[in-house]
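Chemist: Just structure19.txt, nothing more (compact mmCIF, C-alpha atoms):
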# COMPACT_ATOMS: atom_id res chain seq x y z
CA MET A 54 0.80 28.03 1.87
CA ILE A 55 2.44 24.83 3.16
CA MET A 56 4.68 25.41 6.14
CA ALA A 57 7.74 23.17 6.31
CA PRO A 58 9.24 22.09 9.63
CA SER A 59 11.95 24.43 10.88
CA THR A 60 14.48 21.70 11.67
CA VAL A 61 16.43 19.48 9.32
CA ILE A 62 17.87 17.04 11.86
CA SER A 63 15.43 14.38 13.07
CA PRO A 64 15.36 13.44 16.75
CA PRO A 65 16.54 9.99 17.76
CA GLY A 66 13.74 7.45 17.77
CA LYS A 67 12.46 5.47 20.71
CA PRO A 68 13.65 1.88 21.14
CA ASN A 69 11.51 -0.59 19.23
CA ALA A 70 10.82 -4.29 19.64
CA PHE A 71 13.28 -5.23 16.92
CA ALA A 72 16.11 -3.32 18.62
CA GLY A 73 17.58 -6.43 20.21
CA VAL A 74 17.99 -8.50 17.08
CA PHE A 75 19.19 -5.46 15.14
CA SER A 76 21.61 -4.24 17.81
CA LEU A 77 24.50 -5.91 15.97
CA LEU A 78 23.73 -3.65 13.00
CA ALA A 79 24.71 -0.44 14.80
CA PRO A 80 27.63 0.36 12.43
CA GLN A 81 25.53 -0.40 9.36
CA MET A 82 22.56 1.65 10.59
CA ALA A 83 24.84 4.55 11.47
CA ALA A 84 26.23 4.43 7.93
CA LEU A 85 22.67 4.33 6.59
CA ASP A 86 21.70 7.40 8.63
CA THR A 87 24.72 9.26 7.34
CA PHE A 88 23.97 8.25 3.76
CA LEU A 89 20.29 9.24 3.97
CA GLY A 90 21.17 12.53 5.63
CA GLY A 91 23.55 13.21 2.77
CA GLN A 92 20.77 12.68 0.27
CA LEU A 93 18.84 15.73 1.46
CA GLU A 94 21.12 17.95 -0.64
CA ALA A 95 19.98 16.07 -3.75
CA PHE A 96 16.44 17.36 -3.27
CA GLU A 97 15.38 20.87 -4.17
CA PRO A 98 15.89 23.33 -1.29
CA GLU A 99 12.17 24.06 -1.09
CA ILE A 100 11.30 20.49 -0.09
CA ARG A 101 14.35 19.35 1.88
CA ALA A 102 12.72 19.89 5.26
CA MET A 103 9.68 17.93 4.08
CA VAL A 104 11.87 15.06 2.90
CA ASN A 105 13.73 15.09 6.20
CA TYR A 106 10.40 14.88 8.01
CA CYS A 107 9.93 11.49 6.35
CA ILE A 108 13.56 10.35 6.62
CA ASP A 109 13.63 10.15 10.41
CA THR A 110 15.31 7.60 12.65
CA SER A 111 12.31 6.45 14.68
CA GLY A 112 11.09 3.64 12.44
CA LYS A 113 11.90 -0.04 12.85
CA ARG A 114 13.81 -0.04 9.55
CA ILE A 115 13.13 -3.73 9.06
CA ARG A 116 13.72 -3.65 5.32
CA PRO A 117 17.16 -2.01 5.48
CA ALA A 118 18.03 -4.43 8.27
CA LEU A 119 17.11 -7.33 5.99
CA VAL A 120 19.46 -5.96 3.34
CA PHE A 121 22.29 -5.90 5.86
CA LEU A 122 21.45 -9.26 7.46
CA SER A 123 21.03 -11.14 4.18
CA GLY A 124 24.44 -9.84 3.12
CA TRP A 125 26.02 -10.38 6.54
CA LYS A 126 29.72 -11.14 6.76
CA ASP A 127 30.93 -9.90 10.15
CA PRO A 128 30.00 -7.14 12.66
CA LYS A 129 32.60 -4.66 11.45
CA HIS A 130 32.00 -5.10 7.73
CA VAL A 131 30.06 -2.12 6.37
CA SER A 132 29.57 -2.51 2.63
CA PRO A 133 28.91 0.75 0.72
CA ASP A 134 26.83 -1.22 -1.78
CA LEU A 135 24.61 -2.61 0.98
CA VAL A 136 24.26 0.84 2.56
CA ARG A 137 23.09 2.26 -0.78
CA ALA A 138 20.69 -0.67 -1.33
CA ALA A 139 19.33 -0.28 2.20
CA ALA A 140 18.73 3.42 1.54
CA ILE A 141 16.90 2.59 -1.67
CA VAL A 142 14.45 0.15 -0.09
CA GLU A 143 13.91 2.51 2.86
CA LEU A 144 13.06 5.39 0.51
CA VAL A 145 10.61 3.22 -1.43
CA HIS A 146 9.05 2.10 1.85
CA LEU A 147 8.78 5.66 3.15
CA ALA A 148 7.07 6.69 -0.08
CA THR A 149 4.49 3.94 0.35
CA LEU A 150 3.85 5.03 3.95
CA VAL A 151 3.22 8.60 2.86
CA HIS A 152 0.71 7.40 0.27
CA ASP A 153 -0.89 4.85 2.64
CA ASP A 154 -1.54 7.52 5.25
CA ILE A 155 -3.27 9.69 2.68
CA MET A 156 -5.59 6.86 1.66
CA ASP A 157 -6.26 5.83 5.28
CA SER A 158 -6.69 9.41 6.54
CA ALA A 159 -4.22 8.47 9.26
CA ASP A 160 -3.16 11.03 11.86
CA LEU A 161 -0.16 9.28 13.43
CA ARG A 162 2.90 7.58 12.01
CA ARG A 163 5.94 6.79 14.15
CA SER A 164 4.28 8.58 17.08
CA ARG A 165 3.92 11.93 15.33
CA ARG A 166 1.75 13.62 12.74
CA THR A 167 1.70 11.95 9.34
CA ALA A 168 3.00 13.78 6.31
CA VAL A 169 -0.54 14.21 5.04
CA ARG A 170 -1.51 15.96 8.30
CA GLU A 171 1.66 18.04 8.31
CA PHE A 172 1.67 19.17 4.67
CA GLY A 173 -1.78 18.40 3.26
CA PRO A 174 -2.83 15.61 0.87
CA THR A 175 -1.78 17.23 -2.41
CA ALA A 176 1.76 17.98 -1.28
CA ALA A 177 2.02 14.60 0.47
CA VAL A 178 1.20 12.72 -2.74
CA LEU A 179 3.95 14.56 -4.58
CA LEU A 180 6.34 14.11 -1.66
CA GLY A 181 5.84 10.36 -1.86
CA ASP A 182 6.47 10.53 -5.61
CA ALA A 183 9.72 12.44 -5.00
CA LEU A 184 10.91 9.76 -2.58
CA PHE A 185 10.11 7.02 -5.11
CA ALA A 186 11.95 8.91 -7.85
CA HIS A 187 15.05 9.42 -5.76
CA ALA A 188 15.16 5.74 -4.80
CA LEU A 189 15.27 4.83 -8.49
CA HIS A 190 17.90 7.52 -9.09
CA LEU A 191 20.12 5.87 -6.47
CA ALA A 192 19.49 2.43 -7.94
CA ALA A 193 20.60 3.65 -11.36
CA HIS A 194 24.06 4.43 -9.98
CA PHE A 195 25.06 0.79 -9.52
CA PRO A 196 27.49 -0.40 -12.20
CA THR A 197 25.02 -2.97 -13.56
CA THR A 198 21.35 -2.58 -14.35
CA GLU A 199 20.30 -5.51 -12.13
CA VAL A 200 19.67 -3.43 -9.02
CA CYS A 201 17.71 -0.74 -10.83
CA ALA A 202 15.65 -3.40 -12.65
CA ALA A 203 14.89 -5.22 -9.39
CA VAL A 204 13.93 -2.05 -7.52
CA SER A 205 11.85 -0.72 -10.41
CA GLU A 206 9.93 -3.98 -10.68
CA SER A 207 9.37 -4.14 -6.93
CA THR A 208 8.17 -0.54 -6.82
CA ARG A 209 5.69 -1.26 -9.58
CA ARG A 210 4.45 -4.38 -7.78
CA VAL A 211 4.05 -2.53 -4.49
CA CYS A 212 2.02 0.16 -6.24
CA ALA A 213 -0.07 -2.50 -8.00
CA GLY A 214 -0.88 -4.10 -4.65
CA GLU A 215 -1.98 -0.78 -3.22
CA ILE A 216 -4.09 -0.06 -6.30
CA VAL A 217 -5.86 -3.43 -6.10
CA GLN A 218 -6.50 -2.97 -2.39
CA THR A 219 -7.86 0.53 -3.00
CA LEU A 220 -10.19 -0.64 -5.76
CA ARG A 221 -11.43 -3.48 -3.54
CA ARG A 222 -12.13 -1.37 -0.48
CA GLY A 223 -15.60 -2.00 0.82
CA ALA A 224 -15.87 -5.22 -1.21
CA THR A 225 -17.33 -8.03 0.88
CA ASP A 226 -16.74 -10.63 -1.83
CA LEU A 227 -12.95 -10.39 -1.61
CA THR A 228 -11.53 -13.92 -1.46
CA PRO A 229 -8.70 -15.14 0.79
CA ALA A 230 -6.65 -15.72 -2.37
CA GLU A 231 -7.13 -12.08 -3.39
CA TYR A 232 -6.13 -10.93 0.09
CA GLN A 233 -3.00 -13.08 -0.11
CA ARG A 234 -2.19 -11.60 -3.50
CA ILE A 235 -2.60 -8.04 -2.21
CA ILE A 236 -0.29 -8.49 0.77
CA ASP A 237 2.21 -10.41 -1.35
CA LEU A 238 2.45 -7.37 -3.62
CA LYS A 239 2.13 -4.43 -1.27
CA THR A 240 4.24 -5.70 1.64
CA ALA A 241 6.06 -8.97 0.97
CA GLU A 242 7.58 -7.61 -2.23
CA LEU A 243 9.82 -5.11 -0.45
CA PHE A 244 10.84 -7.71 2.13
CA ARG A 245 11.70 -10.05 -0.73
CA VAL A 246 13.74 -7.54 -2.72
CA SER A 247 15.57 -6.43 0.44
CA CYS A 248 16.79 -9.96 1.04
CA PHE A 249 17.52 -10.47 -2.64
CA LEU A 250 19.65 -7.32 -2.86
CA GLY A 251 21.54 -8.07 0.33
CA ALA A 252 22.44 -11.57 -0.76
CA ARG A 253 23.22 -10.63 -4.36
CA LEU A 254 25.36 -7.58 -3.58
CA SER A 255 27.34 -9.49 -0.95
CA GLY A 256 28.41 -11.98 -3.61
CA ALA A 257 26.35 -14.98 -2.46
CA ASP A 258 25.84 -17.80 -4.95
CA ASP A 259 22.58 -18.15 -6.83
CA GLY A 260 21.29 -20.88 -4.52
CA TYR A 261 21.55 -18.73 -1.42
CA VAL A 262 20.24 -15.67 -3.23
CA GLY A 263 17.14 -17.68 -4.16
CA ALA A 264 16.74 -18.97 -0.62
CA SER A 265 17.03 -15.43 0.79
CA ASN A 266 14.51 -14.28 -1.78
CA ARG A 267 11.96 -16.89 -0.61
CA PHE A 268 12.70 -16.16 3.03
CA GLY A 269 11.98 -12.48 2.54
CA ARG A 270 8.70 -13.10 0.77
CA HIS A 271 7.30 -15.38 3.47
CA LEU A 272 8.54 -13.09 6.24
CA GLY A 273 6.85 -10.14 4.51
CA ILE A 274 3.53 -11.97 4.31
CA ALA A 275 3.85 -12.88 8.00
CA TYR A 276 4.61 -9.27 8.87
CA GLN A 277 1.55 -7.94 7.03
CA ILE A 278 -0.72 -10.45 8.76
CA TYR A 279 0.77 -9.32 12.08
CA ASP A 280 0.16 -5.70 11.07
CA ASP A 281 -3.46 -6.50 10.21
CA LEU A 282 -3.89 -8.12 13.62
CA ALA A 283 -2.27 -5.13 15.32
CA ASP A 284 -4.85 -2.86 13.69
CA PHE A 285 -7.41 -4.45 16.02
CA PHE A 286 -5.34 -5.48 19.03
CA GLY A 287 -2.45 -3.02 19.12
CA ARG A 288 -2.15 0.17 21.15
CA GLU A 289 -1.37 3.40 19.32
CA GLU A 290 1.09 4.58 21.97
CA LYS A 291 3.04 1.34 21.53
CA ILE A 292 2.70 0.81 17.76
CA GLY A 293 3.19 4.50 17.03
CA LYS A 294 0.62 4.90 14.26
CA THR A 295 -3.11 5.33 13.80
CA LEU A 296 -4.91 2.02 14.37
CA GLY A 297 -8.43 0.83 13.71
CA THR A 298 -8.44 2.04 10.12
CA ASP A 299 -8.93 -1.27 8.30
CA LEU A 300 -12.57 -1.85 9.22
CA ALA A 301 -13.44 1.84 8.97
CA SER A 302 -11.88 2.09 5.50
CA GLY A 303 -13.39 -1.14 4.20
CA LYS A 304 -10.24 -3.29 4.09
CA LEU A 305 -11.15 -6.95 4.38
CA THR A 306 -8.12 -8.42 6.14
CA LEU A 307 -7.40 -11.86 7.61
CA PRO A 308 -8.82 -11.04 11.09
CA LEU A 309 -12.08 -9.95 9.44
CA PHE A 310 -12.12 -13.01 7.18
CA ALA A 311 -11.74 -15.25 10.21
CA LEU A 312 -14.43 -13.37 12.13
CA MET A 313 -16.83 -13.50 9.18
CA ASP A 314 -16.43 -17.29 9.01
CA ARG A 315 -17.28 -17.68 12.68
CA LEU A 316 -20.24 -15.30 13.03
CA PRO A 317 -23.89 -16.37 12.77
CA VAL A 318 -25.55 -15.47 9.48
CA TYR A 319 -27.36 -12.39 10.78
CA GLU A 320 -24.21 -11.03 12.42
CA ARG A 321 -22.24 -11.75 9.27
CA ALA A 322 -24.60 -9.53 7.30
CA SER A 323 -24.12 -6.74 9.83
CA LEU A 324 -20.33 -6.98 9.59
CA SER A 325 -20.57 -6.96 5.78
CA GLU A 326 -22.49 -3.69 5.96
CA GLU A 327 -19.77 -2.17 8.15
CA ILE A 328 -17.07 -3.24 5.70
CA ALA A 329 -19.11 -1.87 2.81
CA GLY A 330 -19.59 1.44 4.64
CA VAL A 331 -23.37 1.08 4.78
CA ARG A 332 -23.36 1.39 8.55
CA PRO A 333 -20.79 2.80 11.01
CA ALA A 334 -17.96 0.48 11.99
CA ARG A 335 -18.07 -0.98 15.49
CA PRO A 336 -14.45 -1.95 16.17
CA ALA A 337 -14.89 -2.52 19.92
CA LEU A 338 -17.63 -5.07 19.28
CA ARG A 339 -15.62 -6.79 16.57
CA VAL A 340 -12.53 -7.08 18.79
CA LYS A 341 -14.69 -8.59 21.54
CA GLN A 342 -16.11 -11.11 19.08
CA MET A 343 -12.64 -11.92 17.73
CA LEU A 344 -11.50 -12.84 21.22
CA GLU A 345 -14.62 -14.87 21.99
CA LEU A 346 -14.56 -16.77 18.69
CA GLY A 347 -10.86 -17.64 18.56
CA VAL A 348 -9.96 -15.26 15.73
CA PHE A 349 -6.79 -14.08 17.43
CA ASP A 350 -5.57 -17.67 17.74
CA ALA A 351 -6.37 -18.46 14.11
CA VAL A 352 -4.55 -15.41 12.78
CA GLU A 353 -1.57 -16.06 15.04
CA VAL A 354 -1.33 -19.55 13.54
CA ALA A 355 -1.32 -18.00 10.05
CA VAL A 356 1.67 -15.84 11.03
CA GLN A 357 3.43 -18.87 12.50
CA ASP A 358 2.85 -20.82 9.27
CA GLU A 359 4.47 -18.09 7.16
CA VAL A 360 7.42 -17.77 9.54
CA SER A 361 7.84 -21.56 9.33
CA ALA A 362 7.85 -21.32 5.53
CA ALA A 363 10.48 -18.57 5.77
CA ARG A 364 12.63 -20.75 8.00
CA ALA A 365 12.23 -23.69 5.62
CA ALA A 366 13.65 -21.56 2.79
CA LEU A 367 16.95 -21.36 4.66
CA ALA A 368 16.92 -24.90 6.03
CA GLU A 369 19.57 -26.11 3.59
CA TRP A 370 21.92 -23.25 4.48
CA PRO A 371 22.53 -23.45 8.25
CA GLY A 372 26.24 -22.75 7.93
CA ARG A 373 25.94 -19.46 6.08
CA ALA A 374 26.76 -16.37 8.14
CA PRO A 375 23.45 -14.56 7.45
CA THR A 376 21.18 -17.53 8.25
CA PRO A 377 20.96 -17.35 12.07
CA HIS A 378 20.48 -13.60 11.98
CA LEU A 379 17.67 -13.80 9.44
CA LEU A 380 15.97 -16.58 11.42
CA SER A 381 16.10 -14.45 14.55
CA VAL A 382 13.97 -11.80 12.81
CA GLY A 383 11.21 -14.39 12.47
CA ASP A 384 11.51 -15.16 16.18
CA VAL A 385 11.09 -11.49 17.06
CA LEU A 386 8.04 -11.21 14.82
CA LEU A 387 6.39 -14.16 16.57
CA SER A 388 7.05 -12.54 19.93
CA GLN A 389 5.47 -9.34 18.63
CA VAL A 390 2.32 -11.22 17.66
CA ALA A 391 2.17 -12.85 21.09
CA SER A 392 2.53 -9.45 22.74
CA LEU A 393 -0.69 -8.28 21.09
CA ARG A 394 -2.75 -10.86 22.97
CA PRO A 395 -4.93 -9.08 25.57
CA VAL A 396 -4.23 -10.04 29.18
CA GLY A 397 -7.11 -11.33 31.25
Go ahead and express the file in the form of structure tokens.
Modeler:
Amino acid sequence: MIMAPSTVISPPGKPNAFAGVFSLLAPQMAALDTFLGGQLEAFEPEIRAMVNYCIDTSGKRIRPALVFLSGWKDPKHVSPDLVRAAAIVELVHLATLVHDDIMDSADLRRSRRTAVREFGPTAAVLLGDALFAHALHLAAHFPTTEVCAAVSESTRRVCAGEIVQTLRRGATDLTPAEYQRIIDLKTAELFRVSCFLGARLSGADDGYVGASNRFGRHLGIAYQIYDDLADFFGREEKIGKTLGTDLASGKLTLPLFALMDRLPVYERASLSEEIAGVRPARPALRVKQMLELGVFDAVEVAVQDEVSAARAALAEWPGRAPTPHLLSVGDVLLSQVASLRPVG
């Protein structure tokens, strides 16, 4: 029998690195928390505590923040439409996290046990499905079909990215183009649709909606590359989730691509066997080699390039209210990458 947590109210989360740039969103985030808390009643009583376990306040909530920032007007303006859209993208994101942790056999997420560890894999799969379904239910309540169509398409694309990555686990012939395609689908897509929805629902013209759309996509790619780097160089107590899973689970990410290119032939074969699961992964050795061979620097440059592309998308719109706030998110991401660099 699956035991649900006894509480329904989640504890406040710890401050995160994005807290500074998002501090101006306090009214919007408070409205989002209230809205999400109100959604618990929409779920069947038997699973409400499980849903609440996922809908906690300790995450960075980057995607909802992008909805609010791309639709920014002024600090006191809290748009009900943006709150609903932010809740939708957060629910989709939470569903993907639940499913990711099952596939990665992860123990920690947001500094506590993952849903798969708390409820078991079978229930966790269905819990993720329930979160997806409710996100689409909320999207269907907008007066036009545009939001529901956008969210449905994005959800499908996110799932497609995860499917492709799953099918290609352990594959040592994955190309950089395939890797780019995977992260474009599984991560950048939700960043993109968050910015699209924020700009569209705030009444921005088509030109700025398109620019926000492109900004979100490039920022999402940058974020996933950062996340892949953090899997090797982050600290679990700081990141708040299980790290070191990419190599062990056979995910060929940009840090491993860069390392593979720099290793001698015999070492390259050994790393290929680790990725393929033929021999045990040696993450400590691979991190040491990444530092010695300049992999960290190369991957950091890749993040910088995507952030630059994101900035370029908004270059023609410096006077729009959301622009400086969106650009500041890129600045915070670059500082996060720099903070991963080992000292000494």
Chemist: So which residues touch Pro377 of chain A within 12 Å, counting all atoms listed in the file, skipping near sequence neighbours fewer than 3 positions away, as a PyMOL selection string?
Modeler: chain A and resi 74+122-123+125-126+364+367-368+370-374+380-384
Chemist: Excluding Ala177 of chain A and any residue of its chain fewer than 3 positions from it, enumerate the residues within 10 Å of it, using all atoms listed in the file, and give them as a ChimeraX atom specification.
Modeler: /A:103,148,151-152,154-155,167-174,180-183
Chemist: Between A:Val200, A:Ala83, A:Ala140, A:Val131, which has the minimum distance to Leu254 of chain A (counting all atoms listed in the file)?
Modeler: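 Smallest separation from Leu254 of chain A among the options: A:Val200.
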Chemist: Tell me, as a PDB file with C-alpha atoms, keeping the file's coordinate frame, which residues lie within 8 Å of Leu307 of chain A, counting all atoms listed in the file; anything in the same chain fewer than 4 positions away does not count.
Modeler:
ATOM      1  CA  PRO A 229      -8.700 -15.140   0.790  1.00  0.00           C
ATOM      2  CA  TYR A 232      -6.130 -10.930   0.090  1.00  0.00           C
ATOM      3  CA  ILE A 278      -0.720 -10.450   8.760  1.00  0.00           C
ATOM      4  CA  ASP A 281      -3.460  -6.500  10.210  1.00  0.00           C
ATOM      5  CA  LEU A 282      -3.890  -8.120  13.620  1.00  0.00           C
ATOM      6  CA  ALA A 311     -11.740 -15.250  10.210  1.00  0.00           C
ATOM      7  CA  VAL A 352      -4.550 -15.410  12.780  1.00  0.00           C
TER       8      VAL A 352
END
Chemist: When you count only C-alpha atoms, which of these residues is closest to Glu199 of chain A: A:Gln357, A:Asp153, A:Gly260, A:Ala138?
Modeler: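 Ranking A:Gln357, A:Asp153, A:Gly260, A:Ala138 by distance to Glu199 of chain A, first place goes to A:Ala138.
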Chemist: List the neighbours of Ala79 of chain A out to 12 Å using all atoms listed in the file; skip same-chain residues closer than 2 positions along the sequence, and give me the result as number ranges by chain.
Modeler: A: 72-77, 81-86, 118, 121-122, 128-131
